[in-house]
>>> print(open('query33.tsv').read())   # TSV, C-alpha atoms and all ligand atoms
chain	number	residue	atom	x	y	z
A	1	MET	CA	19.47	62.04	4.21
A	2	ASN	CA	17.92	62.67	0.89
A	3	LYS	CA	14.95	60.52	-0.03
A	4	THR	CA	14.22	61.71	-3.56
A	5	LYS	CA	13.55	59.10	-6.18
A	6	ILE	CA	16.34	59.50	-8.65
A	7	ASP	CA	16.19	59.88	-12.34
A	8	SER	CA	17.89	56.98	-14.03
A	9	ASN	CA	20.37	59.18	-15.90
A	10	GLN	CA	21.59	61.05	-12.86
A	11	ASP	CA	24.66	59.87	-11.02
A	12	LYS	CA	25.58	62.91	-8.91
A	13	CYS	CA	24.74	63.30	-5.23
A	14	GLN	CA	22.12	65.98	-4.68
A	15	THR	CA	23.73	66.94	-1.35
A	16	CYS	CA	27.40	67.31	-2.24
A	17	GLY	CA	27.78	66.57	-5.95
A	18	GLY	CA	29.76	63.39	-5.22
A	19	ILE	CA	29.43	60.22	-7.26
A	20	LEU	CA	26.50	57.91	-6.58
A	21	ARG	CA	26.88	54.15	-6.72
A	22	PHE	CA	24.33	51.40	-6.27
A	23	SER	CA	24.77	49.91	-2.81
A	24	PRO	CA	23.03	46.50	-2.63
A	25	ASP	CA	23.37	46.41	1.15
A	26	ASP	CA	21.32	49.62	1.40
A	27	GLY	CA	19.09	48.72	-1.54
A	28	ALA	CA	19.68	52.31	-2.67
A	29	LEU	CA	22.19	54.67	-4.22
A	30	LYS	CA	24.95	55.81	-1.92
A	31	CYS	CA	27.23	58.80	-2.30
A	32	GLY	CA	30.91	57.91	-2.26
A	33	SER	CA	31.80	61.22	-0.57
A	34	CYS	CA	29.12	62.04	2.02
A	35	SER	CA	27.32	58.65	2.29
A	36	SER	CA	23.94	60.19	1.49
A	37	ILE	CA	21.36	57.66	0.48
A	38	GLU	CA	19.00	58.12	-2.46
A	39	LYS	CA	16.12	55.75	-3.01
A	40	ILE	CA	15.65	53.79	-6.21
A	41	ASP	CA	12.33	52.86	-7.74
A	42	TYR	CA	11.63	49.14	-7.13
A	43	SER	CA	8.37	48.94	-9.15
A	44	LYS	CA	7.40	45.53	-10.41
A	45	ASN	CA	5.10	45.95	-13.40
A	46	VAL	CA	7.61	44.21	-15.63
A	47	LYS	CA	6.58	43.74	-19.26
A	48	LYS	CA	6.21	40.40	-21.00
A	49	HIS	CA	6.07	40.59	-24.78
A	50	ASP	CA	4.24	38.30	-27.17
A	51	TYR	CA	6.87	36.30	-28.99
A	52	GLY	CA	7.02	37.09	-32.69
A	53	VAL	CA	5.51	40.56	-32.35
A	54	GLN	CA	7.75	43.55	-33.02
A	55	GLU	CA	7.53	46.01	-30.15
A	56	GLN	CA	9.50	48.62	-28.26
A	57	THR	CA	8.96	51.85	-30.12
A	58	THR	CA	7.82	53.74	-27.07
A	59	LYS	CA	9.11	57.04	-25.69
A	60	GLU	CA	10.69	55.09	-22.84
A	61	TYR	CA	12.66	53.02	-25.35
A	62	ASN	CA	13.85	56.05	-27.32
A	63	GLU	CA	15.14	57.56	-24.10
A	64	PHE	CA	17.08	54.37	-23.33
A	65	VAL	CA	18.69	54.46	-26.78
A	66	LYS	CA	19.70	58.08	-26.28
A	67	GLN	CA	21.22	57.48	-22.86
A	68	ASN	CA	23.16	54.31	-23.51
A	69	LYS	CA	25.84	53.15	-25.87
A	70	VAL	CA	27.36	49.78	-26.59
A	71	PHE	CA	31.05	49.49	-25.92
A	72	LYS	CA	33.01	46.72	-27.49
A	73	CYS	CA	35.98	44.99	-25.94
A	74	TYR	CA	38.34	44.15	-28.77
A	75	SER	CA	40.45	41.86	-26.65
A	76	CYS	CA	37.78	39.46	-25.33
A	77	GLY	CA	34.80	40.20	-27.56
A	78	SER	CA	32.23	41.17	-24.96
A	79	ASN	CA	29.77	44.03	-25.47
A	80	ILE	CA	29.15	46.34	-22.56
A	81	VAL	CA	26.24	48.73	-22.13
A	82	LEU	CA	27.40	52.08	-20.89
A	83	ASN	CA	25.40	55.04	-19.72
A	84	THR	CA	26.57	58.06	-21.71
A	85	LEU	CA	27.29	59.78	-18.39
A	86	GLU	CA	30.10	57.37	-17.66
A	87	VAL	CA	33.13	58.58	-19.53
A	88	SER	CA	35.79	55.91	-19.34
A	89	LYS	CA	35.27	52.27	-18.74
A	90	VAL	CA	37.29	49.11	-18.86
A	91	CYS	CA	35.95	45.70	-19.78
A	92	PRO	CA	34.51	44.01	-16.67
A	93	TYR	CA	35.80	40.66	-17.92
A	94	CYS	CA	39.37	41.35	-18.98
A	95	SER	CA	40.06	44.93	-17.84
A	96	SER	CA	41.01	46.12	-21.35
A	97	PRO	CA	39.82	49.59	-22.32
A	98	CYS	CA	36.46	49.46	-24.13
A	99	VAL	CA	35.93	51.23	-27.44
A	100	ILE	CA	32.59	52.52	-28.69
A	101	ASP	CA	31.45	50.63	-31.72
A	102	GLU	CA	29.17	52.97	-33.62
A	103	ASN	CA	27.84	50.10	-35.70
A	104	GLU	CA	26.71	48.19	-32.65
A	105	LYS	CA	23.10	49.14	-32.06
A	106	ILE	CA	21.76	49.04	-28.55
A	107	GLY	CA	18.76	46.99	-29.74
A	108	ILE	CA	16.06	46.23	-27.25
A	109	LYS	CA	15.82	47.76	-23.80
A	110	PRO	CA	15.90	45.48	-20.75
A	111	ASP	CA	12.43	44.88	-19.34
A	112	GLY	CA	13.44	43.83	-15.90
A	113	ILE	CA	16.41	43.46	-13.59
A	114	ILE	CA	17.25	41.47	-10.48
A	115	PRO	CA	19.40	43.94	-8.52
A	116	PHE	CA	22.47	42.70	-6.67
A	117	LYS	CA	21.33	41.50	-3.24
A	118	PHE	CA	24.63	42.08	-1.43
A	119	GLY	CA	27.78	44.15	-1.86
A	120	ARG	CA	31.33	43.05	-2.68
A	121	GLU	CA	32.37	42.53	0.93
A	122	LYS	CA	29.65	39.99	1.64
A	123	ALA	CA	30.22	38.55	-1.83
A	124	ARG	CA	33.83	37.72	-0.86
A	125	ASP	CA	32.66	35.89	2.28
A	126	LEU	CA	29.98	33.92	0.45
A	127	TYR	CA	32.39	33.06	-2.32
A	128	LYS	CA	35.02	31.74	0.12
A	129	LYS	CA	32.41	29.62	1.90
A	130	GLY	CA	30.96	28.32	-1.38
A	131	ILE	CA	34.28	27.40	-2.97
A	132	ARG	CA	35.42	25.50	0.15
A	133	LYS	CA	32.39	23.21	-0.21
A	134	LYS	CA	33.39	22.12	-3.73
A	135	TRP	CA	34.39	18.46	-3.71
A	136	PHE	CA	37.28	18.46	-6.12
A	137	ILE	CA	38.80	21.84	-5.40
A	138	PRO	CA	42.57	21.53	-4.71
A	139	ASN	CA	43.39	21.55	-0.99
A	140	ILE	CA	45.42	24.75	-1.13
A	141	PHE	CA	42.22	26.55	-2.18
A	142	LYS	CA	40.27	25.06	0.72
A	143	LYS	CA	42.70	26.79	3.04
A	144	LYS	CA	43.09	29.95	1.02
A	145	PRO	CA	40.44	30.44	-1.69
A	146	PRO	CA	41.75	32.20	-4.82
A	147	ILE	CA	40.31	35.68	-4.82
A	148	ASP	CA	42.51	38.15	-6.65
A	149	GLU	CA	39.63	40.37	-7.56
A	150	MET	CA	35.87	40.22	-7.45
A	151	LYS	CA	33.88	41.81	-10.23
A	152	GLY	CA	30.17	42.49	-10.31
A	153	VAL	CA	28.60	42.10	-13.74
A	154	TYR	CA	24.96	42.09	-14.71
A	155	VAL	CA	24.48	39.36	-17.27
A	156	PRO	CA	21.86	39.55	-20.06
A	157	THR	CA	19.23	36.82	-20.29
A	158	PHE	CA	16.01	36.18	-22.14
A	159	SER	CA	13.18	34.75	-20.11
A	160	PHE	CA	10.48	32.70	-21.81
A	161	ASP	CA	6.94	31.66	-20.87
A	162	ALA	CA	4.82	29.19	-22.83
A	163	LYS	CA	1.98	26.75	-22.70
A	164	ALA	CA	2.85	23.36	-24.10
A	165	PHE	CA	0.74	20.53	-25.47
A	166	THR	CA	2.59	17.25	-25.91
A	167	LYS	CA	1.69	13.99	-27.63
A	168	TYR	CA	3.99	11.15	-26.71
A	169	SER	CA	4.56	7.47	-27.26
A	170	GLY	CA	7.29	5.09	-26.27
A	171	ARG	CA	8.39	1.76	-24.89
A	172	LEU	CA	9.90	1.27	-21.45
A	173	GLY	CA	11.82	-1.75	-20.28
A	174	THR	CA	11.94	-3.46	-16.89
A	175	GLN	CA	14.49	-6.07	-15.86
A	176	ARG	CA	14.02	-8.74	-13.23
A	177	THR	CA	16.56	-11.29	-12.07
A	178	ASN	CA	15.14	-14.60	-10.81
A	179	SER	CA	16.60	-16.91	-8.15
A	180	GLN	CA	18.63	-18.79	-10.80
A	181	GLY	CA	20.36	-15.54	-11.69
A	182	GLU	CA	18.64	-15.23	-15.07
A	183	THR	CA	17.68	-11.74	-16.17
A	184	HIS	CA	14.28	-11.32	-17.77
A	185	THR	CA	13.27	-8.16	-19.65
A	186	SER	CA	9.68	-7.05	-20.09
A	187	TYR	CA	8.38	-4.09	-22.10
A	188	LYS	CA	5.53	-1.69	-21.60
A	189	THR	CA	4.18	0.52	-24.40
A	190	ILE	CA	3.12	4.01	-23.32
A	191	SER	CA	1.30	6.85	-25.09
A	192	GLY	CA	-0.77	9.88	-24.18
A	193	THR	CA	-1.04	13.65	-24.10
A	194	TYR	CA	0.37	16.08	-21.58
A	195	ASN	CA	-0.50	19.73	-20.90
A	196	SER	CA	1.95	21.99	-19.11
A	197	GLN	CA	2.67	25.63	-18.40
A	198	HIS	CA	6.21	27.01	-18.18
A	199	SER	CA	7.33	30.38	-16.95
A	200	ASN	CA	10.62	32.22	-16.52
A	201	VAL	CA	12.78	29.77	-18.44
A	202	LEU	CA	16.05	31.69	-18.38
A	203	VAL	CA	18.54	31.54	-21.25
A	204	GLU	CA	21.80	33.44	-20.95
A	205	THR	CA	22.94	35.59	-23.84
A	206	SER	CA	26.38	36.60	-22.60
A	207	THR	CA	29.72	36.15	-24.36
A	208	LYS	CA	31.44	34.93	-21.23
A	209	LEU	CA	28.99	32.46	-19.76
A	210	ASP	CA	27.72	29.36	-21.46
A	211	GLN	CA	24.34	27.88	-20.56
A	212	ALA	CA	25.91	25.08	-18.49
A	213	THR	CA	27.88	27.55	-16.35
A	214	PHE	CA	24.81	29.74	-16.10
A	215	ASN	CA	22.71	26.75	-14.97
A	216	SER	CA	25.30	26.05	-12.28
A	217	ILE	CA	24.46	29.37	-10.57
A	218	ASN	CA	20.71	29.00	-11.09
A	219	PRO	CA	18.02	29.32	-9.88
A	220	PHE	CA	17.32	33.01	-9.47
A	221	ASN	CA	14.32	34.03	-7.43
A	222	MET	CA	12.19	35.61	-10.15
A	223	ALA	CA	9.90	37.27	-7.60
A	224	ASP	CA	12.68	39.88	-7.22
A	225	VAL	CA	12.54	41.07	-10.84
A	226	VAL	CA	11.85	44.82	-10.90
A	227	ASN	CA	11.52	47.29	-13.77
A	228	PHE	CA	14.85	48.03	-15.39
A	229	ASN	CA	16.43	51.19	-14.05
A	230	SER	CA	20.00	52.33	-14.87
A	231	ALA	CA	20.47	53.32	-11.22
A	232	PHE	CA	21.02	49.64	-10.36
A	233	ILE	CA	23.99	49.56	-12.74
A	234	LEU	CA	25.93	52.48	-11.25
A	235	GLY	CA	29.18	51.06	-9.89
A	236	TYR	CA	28.58	47.75	-11.67
A	237	SER	CA	28.83	46.68	-15.30
A	238	LEU	CA	26.14	45.55	-17.67
A	239	GLU	CA	26.92	43.24	-20.53
A	240	HIS	CA	24.90	43.71	-23.69
A	241	TYR	CA	23.06	40.71	-25.13
A	242	ASN	CA	25.17	38.70	-27.50
A	243	GLN	CA	22.81	36.15	-29.01
A	244	LYS	CA	19.63	37.06	-30.82
A	245	LEU	CA	16.24	36.43	-29.25
A	246	GLU	CA	15.35	33.79	-31.87
A	247	HIS	CA	18.46	31.78	-31.06
A	248	CYS	CA	17.73	31.86	-27.32
A	249	LYS	CA	14.12	30.85	-27.99
A	250	THR	CA	15.26	27.57	-29.60
A	251	ILE	CA	17.42	26.85	-26.53
A	252	ALA	CA	14.46	27.59	-24.24
A	253	ASP	CA	12.18	25.32	-26.32
A	254	ASP	CA	14.67	22.46	-25.99
A	255	MET	CA	14.98	23.05	-22.24
A	256	ILE	CA	11.18	22.95	-21.90
A	257	LYS	CA	10.84	19.81	-24.04
A	258	ASP	CA	13.47	18.12	-21.92
A	259	ARG	CA	11.63	19.12	-18.76
A	260	ILE	CA	8.34	17.77	-20.17
A	261	LYS	CA	9.99	14.46	-21.07
A	262	LYS	CA	11.21	14.10	-17.48
A	263	LEU	CA	7.78	15.01	-16.10
A	264	ILE	CA	6.05	12.43	-18.30
A	265	LEU	CA	8.56	9.67	-17.54
A	266	SER	CA	8.37	10.36	-13.81
A	267	LYS	CA	4.79	8.95	-13.91
A	268	TYR	CA	6.12	5.50	-14.88
A	269	SER	CA	8.42	2.99	-13.26
A	270	TYR	CA	11.04	1.43	-15.55
A	271	ASP	CA	14.69	0.48	-15.73
A	272	PHE	CA	15.51	1.82	-19.18
A	273	ILE	CA	13.94	3.66	-22.09
A	274	ASP	CA	13.68	1.59	-25.26
A	275	TYR	CA	12.42	4.58	-27.24
A	276	PHE	CA	10.49	7.77	-26.55
A	277	ASN	CA	8.86	10.06	-29.12
A	278	GLN	CA	7.51	13.43	-28.21
A	279	ASP	CA	5.70	16.06	-30.24
A	280	THR	CA	5.31	19.35	-28.38
A	281	VAL	CA	3.35	22.35	-29.66
A	282	PHE	CA	3.77	25.71	-27.92
A	283	SER	CA	1.20	28.45	-27.53
A	284	GLN	CA	0.89	31.77	-25.67
A	285	GLU	CA	4.63	32.28	-26.04
A	286	LYS	CA	6.03	35.31	-24.25
A	287	TYR	CA	9.47	36.70	-23.61
A	288	SER	CA	11.21	39.35	-21.54
A	289	TYR	CA	14.74	40.68	-21.59
A	290	TYR	CA	16.08	40.41	-18.04
A	291	ILE	CA	19.34	41.42	-16.46
A	292	VAL	CA	20.63	39.24	-13.62
A	293	PRO	CA	23.50	39.82	-11.16
A	294	THR	CA	26.70	37.77	-11.09
A	295	TYR	CA	29.94	38.16	-9.23
A	296	GLN	CA	32.98	36.62	-10.80
A	297	VAL	CA	36.44	35.83	-9.63
A	298	ASN	CA	39.32	35.50	-12.09
A	299	TYR	CA	42.53	33.74	-11.13
A	300	LYS	CA	45.38	31.65	-12.40
A	301	TYR	CA	46.17	28.12	-11.27
A	302	LYS	CA	49.04	26.12	-12.77
A	303	ASN	CA	49.28	28.62	-15.64
A	304	LYS	CA	45.63	28.28	-16.58
A	305	ASN	CA	43.04	31.03	-16.28
A	306	TYR	CA	39.83	30.32	-14.38
A	307	THR	CA	36.68	32.34	-13.87
A	308	THR	CA	34.34	31.22	-11.14
A	309	PHE	CA	30.86	32.72	-11.27
A	310	MET	CA	28.60	33.33	-8.32
A	311	ASN	CA	24.91	34.20	-8.23
A	312	GLY	CA	24.68	37.86	-7.10
A	313	GLN	CA	21.23	37.29	-5.63
A	314	THR	CA	21.55	33.98	-3.77
A	315	GLY	CA	25.34	33.65	-3.32
A	316	LYS	CA	25.43	30.23	-5.00
A	317	VAL	CA	28.92	29.47	-6.34
A	318	GLY	CA	28.93	27.81	-9.75
A	319	SER	CA	31.30	25.79	-11.87
A	320	GLY	CA	34.52	27.01	-13.48
A	321	TYR	CA	37.11	26.24	-10.80
A	322	PRO	CA	40.21	24.05	-10.94
A	323	LYS	CA	39.69	20.40	-10.05
A	324	SER	CA	42.33	18.34	-8.37
A	325	ALA	CA	43.30	15.34	-10.55
A	326	ILE	CA	44.41	13.39	-7.45
A	327	LYS	CA	41.05	13.91	-5.74
A	328	ILE	CA	39.14	12.81	-8.85
A	329	THR	CA	41.33	9.69	-9.21
A	330	PHE	CA	40.74	8.74	-5.57
A	331	PHE	CA	37.03	9.33	-5.99
A	332	VAL	CA	36.86	7.05	-9.06
A	333	LEU	CA	38.90	4.37	-7.24
A	334	PHE	CA	36.58	4.66	-4.26
A	335	ILE	CA	33.47	4.14	-6.44
A	336	LEU	CA	35.14	1.18	-8.20
A	337	ALA	CA	35.99	-0.33	-4.82
A	338	ILE	CA	32.34	-0.10	-3.75
A	339	PHE	CA	31.17	-1.79	-6.97
A	340	THR	CA	33.78	-4.52	-6.58
A	341	ALA	CA	32.70	-5.11	-2.98
A	342	ILE	CA	29.05	-5.37	-4.06
A	343	ALA	CA	29.94	-7.78	-6.89
A	344	ILE	CA	32.00	-9.99	-4.57
A	345	ALA	CA	29.21	-10.05	-1.99
A	346	PHE	CA	26.71	-10.91	-4.73
A	347	PHE	CA	28.69	-13.83	-6.17
A	348	ALA	CA	29.54	-15.14	-2.71
A	349	LEU	CA	25.82	-15.75	-2.08
B	401	ZN	ZN	27.19	63.33	-1.33
B	402	ZN	ZN	37.26	42.24	-22.41
>>> encode(input="query33.tsv", output="structure tokens", more="lines below")
Ligand SMILES: [Zn+2]
Ligand SMILES: [Zn+2]
Amino acid sequence: MNKTKIDSNQDKCQTCGGILRFSPDDGALKCGSCSSIEKIDYSKNVKKHDYGVQEQTTKEYNEFVKQNKVFKCYSCGSNIVLNTLEVSKVCPYCSSPCVIDENEKIGIKPDGIIPFKFGREKARDLYKKGIRKKWFIPNIFKKKPPIDEMKGVYVPTFSFDAKAFTKYSGRLGTQRTNSQGETHTSYKTISGTYNSQHSNVLVETSTKLDQATFNSINPFNMADVVNFNSAFILGYSLEHYNQKLEHCKTIADDMIKDRIKKLILSKYSYDFIDYFNQDTVFSQEKYSYYIVPTYQVNYKYKNKNYTTFMNGQTGKVGSGYPKSAIKITFFVLFILAIFTAIAIAFFAL
């Protein structure tokens, strides 16, 4: 057993020269030929950058640029980061051969990574369990979950931190029904200020995931973020960021504002919102470029392609699976039946 800490641009076994791959179950690199284990650095002094300040001109960054290239998939549009040691590669999303795009600059270097927590074998088990729990999944998939192939892809995200100061005002309505069955509405005017602190607001910047699908496999446990090291990518794929930092920042700001609105409103009791105005100012804004693990399963159902994503850290299965129209219809009918029953009981009084 070799215990040397490996250099991030080395993918050959020091014992036999075989090919090293990241093995999440060992939390280390494993040789495909002799099963030797080589440790990976799990340091956690991950950088957070001040938003709006140009950075990353260090020696470390220059090394990253030298060692990695961006490959473009011309059939599905995704950009893949490839260590220059890896010679041939196919697109992790559509399996087409990737072509180097010399115009595509590698841009910023990832600050941190959440390494895959489990290997493909366990991923298959967790996926089957997770998909069976989905309410509207067609019955044939409950018996035999669709799992043609399972791919492990690290997805690019920007993580944002900020302090927020909010001024708000609004009017909330409450409705009461008296014994004669008359509904009376009363209003309450609210206003105030609200201070809050937000950290690790994750925004995806992948070509294949949208924020809603990404949210469906959230949360990630951010305590597991370690310094980026290419060793974690060996045997997996890494997608390059697709959207610019500035674009992701506006999405994060909206997510935070939405969260603040919910926090403020949770202090009041009301039946409906008449209006709500909010003015939020951010300060101490920071960002990091993080890479997070996802497993994905591609399959066809009734001539349509589906990709179901799974969190590669927690095993949570997200959206993106076929839904049975019959099950949804029955569910809607069931809800309607309940409402009808309540209405009948109410008018019978
Ligand atoms: Zn070996
Ligand atoms: Zn592709």
>>> residues_near_ligand(input="query33.tsv", ligand="ligand ZN 402 (chain B)", cutoff="9 Å", atoms="only C-alpha atoms and all ligand atoms", output="ChimeraX atom specification")
/A:72-79,90-98
>>> residues_near_ligand(input="query33.tsv", ligand="ligand ZN 401 (chain B)", cutoff="6 Å", atoms="all atoms listed in the file", output="ChimeraX atom specification")
/A:13,15-18,31,33-36
>>> atom_distance(input="query33.tsv", atom1="CA of Arg120 (chain A)", atom2="CA of Tyr321 (chain A)")
19.5 Å
>>> residues_around(input="query33.tsv", residues="Ile113 (chain A)", least_positions_apart="6", cutoff="8 Å", atoms="only C-alpha atoms", output="MDAnalysis selection string")
chainID A and resid 225:229 290:292
>>> residues_around(input="query33.tsv", residues="Asn83 (chain A)", least_positions_apart="6", cutoff="8 Å", atoms="only C-alpha atoms", output="list in words")
Asn9, Gln67, Asn68, Lys69 and Ser230 of chain A
>>> write_last_selection(input="query33.tsv", atoms="C-alpha atoms", output="short mmCIF file (atom, residue, chain, number, x, y, z; two decimals), in the coordinates of the input")
data_model
loop_
_atom_site.label_atom_id
_atom_site.label_comp_id
_atom_site.auth_asym_id
_atom_site.auth_seq_id
_atom_site.Cartn_x
_atom_site.Cartn_y
_atom_site.Cartn_z
CA ASN A 9 20.37 59.18 -15.90
CA GLN A 67 21.22 57.48 -22.86
CA ASN A 68 23.16 54.31 -23.51
CA LYS A 69 25.84 53.15 -25.87
CA SER A 230 20.00 52.33 -14.87
#
>>> decode(input="query33.tsv", residues="region 179-235 of chain A", atoms="C-alpha atoms", output="PDB file, in the first residue's frame")
ATOM      1  CA  SER A 179     -72.141  32.238  12.273  1.00  0.00           C
ATOM      2  CA  GLN A 180     -74.404  33.659   9.532  1.00  0.00           C
ATOM      3  CA  GLY A 181     -71.884  32.517   6.945  1.00  0.00           C
ATOM      4  CA  GLU A 182     -70.762  36.047   6.075  1.00  0.00           C
ATOM      5  CA  THR A 183     -67.086  36.526   5.329  1.00  0.00           C
ATOM      6  CA  HIS A 184     -65.415  39.583   6.800  1.00  0.00           C
ATOM      7  CA  THR A 185     -61.978  40.778   5.678  1.00  0.00           C
ATOM      8  CA  SER A 186     -59.681  42.863   7.855  1.00  0.00           C
ATOM      9  CA  TYR A 187     -56.314  44.374   6.922  1.00  0.00           C
ATOM     10  CA  LYS A 188     -53.127  44.958   8.837  1.00  0.00           C
ATOM     11  CA  THR A 189     -50.396  47.325   7.612  1.00  0.00           C
ATOM     12  CA  ILE A 190     -46.847  46.151   8.295  1.00  0.00           C
ATOM     13  CA  SER A 191     -43.433  47.808   7.931  1.00  0.00           C
ATOM     14  CA  GLY A 192     -39.955  47.462   9.361  1.00  0.00           C
ATOM     15  CA  THR A 193     -36.331  46.553   8.762  1.00  0.00           C
ATOM     16  CA  TYR A 194     -34.720  43.144   8.722  1.00  0.00           C
ATOM     17  CA  ASN A 195     -31.051  42.131   8.978  1.00  0.00           C
ATOM     18  CA  SER A 196     -29.896  38.750   7.742  1.00  0.00           C
ATOM     19  CA  GLN A 197     -26.779  36.823   6.815  1.00  0.00           C
ATOM     20  CA  HIS A 198     -26.701  34.281   3.982  1.00  0.00           C
ATOM     21  CA  SER A 199     -24.018  31.794   3.138  1.00  0.00           C
ATOM     22  CA  ASN A 200     -23.447  29.112   0.516  1.00  0.00           C
ATOM     23  CA  VAL A 201     -26.335  30.049  -1.741  1.00  0.00           C
ATOM     24  CA  LEU A 202     -25.650  27.635  -4.597  1.00  0.00           C
ATOM     25  CA  VAL A 203     -26.435  28.515  -8.214  1.00  0.00           C
ATOM     26  CA  GLU A 204     -25.779  25.938 -10.905  1.00  0.00           C
ATOM     27  CA  THR A 205     -23.950  26.983 -14.040  1.00  0.00           C
ATOM     28  CA  SER A 206     -24.261  23.802 -16.084  1.00  0.00           C
ATOM     29  CA  THR A 207     -25.694  23.409 -19.588  1.00  0.00           C
ATOM     30  CA  LYS A 208     -27.656  20.310 -18.661  1.00  0.00           C
ATOM     31  CA  LEU A 209     -29.235  21.203 -15.353  1.00  0.00           C
ATOM     32  CA  ASP A 210     -31.592  24.072 -14.754  1.00  0.00           C
ATOM     33  CA  GLN A 211     -31.888  25.672 -11.323  1.00  0.00           C
ATOM     34  CA  ALA A 212     -35.196  23.913 -10.587  1.00  0.00           C
ATOM     35  CA  THR A 213     -33.712  20.468 -11.294  1.00  0.00           C
ATOM     36  CA  PHE A 214     -30.630  21.428  -9.321  1.00  0.00           C
ATOM     37  CA  ASN A 215     -32.796  22.521  -6.377  1.00  0.00           C
ATOM     38  CA  SER A 216     -34.533  19.146  -6.504  1.00  0.00           C
ATOM     39  CA  ILE A 217     -31.254  17.402  -5.557  1.00  0.00           C
ATOM     40  CA  ASN A 218     -30.293  20.030  -2.970  1.00  0.00           C
ATOM     41  CA  PRO A 219     -29.164  20.512  -0.272  1.00  0.00           C
ATOM     42  CA  PHE A 220     -25.490  19.614  -0.325  1.00  0.00           C
ATOM     43  CA  ASN A 221     -23.664  19.441   2.965  1.00  0.00           C
ATOM     44  CA  MET A 222     -21.256  22.347   2.525  1.00  0.00           C
ATOM     45  CA  ALA A 223     -19.111  21.205   5.452  1.00  0.00           C
ATOM     46  CA  ASP A 224     -17.640  18.648   3.008  1.00  0.00           C
ATOM     47  CA  VAL A 225     -16.206  21.241   0.606  1.00  0.00           C
ATOM     48  CA  VAL A 226     -12.452  20.684   0.241  1.00  0.00           C
ATOM     49  CA  ASN A 227      -9.819  22.450  -1.844  1.00  0.00           C
ATOM     50  CA  PHE A 228     -10.145  21.640  -5.522  1.00  0.00           C
ATOM     51  CA  ASN A 229      -7.815  18.862  -6.589  1.00  0.00           C
ATOM     52  CA  SER A 230      -7.906  17.186 -10.033  1.00  0.00           C
ATOM     53  CA  ALA A 231      -7.397  13.802  -8.350  1.00  0.00           C
ATOM     54  CA  PHE A 232     -11.103  13.799  -7.397  1.00  0.00           C
ATOM     55  CA  ILE A 233     -12.009  14.005 -11.089  1.00  0.00           C
ATOM     56  CA  LEU A 234     -10.043  10.972 -12.285  1.00  0.00           C
ATOM     57  CA  GLY A 235     -12.580   8.443 -13.565  1.00  0.00           C
TER      58      GLY A 235
END
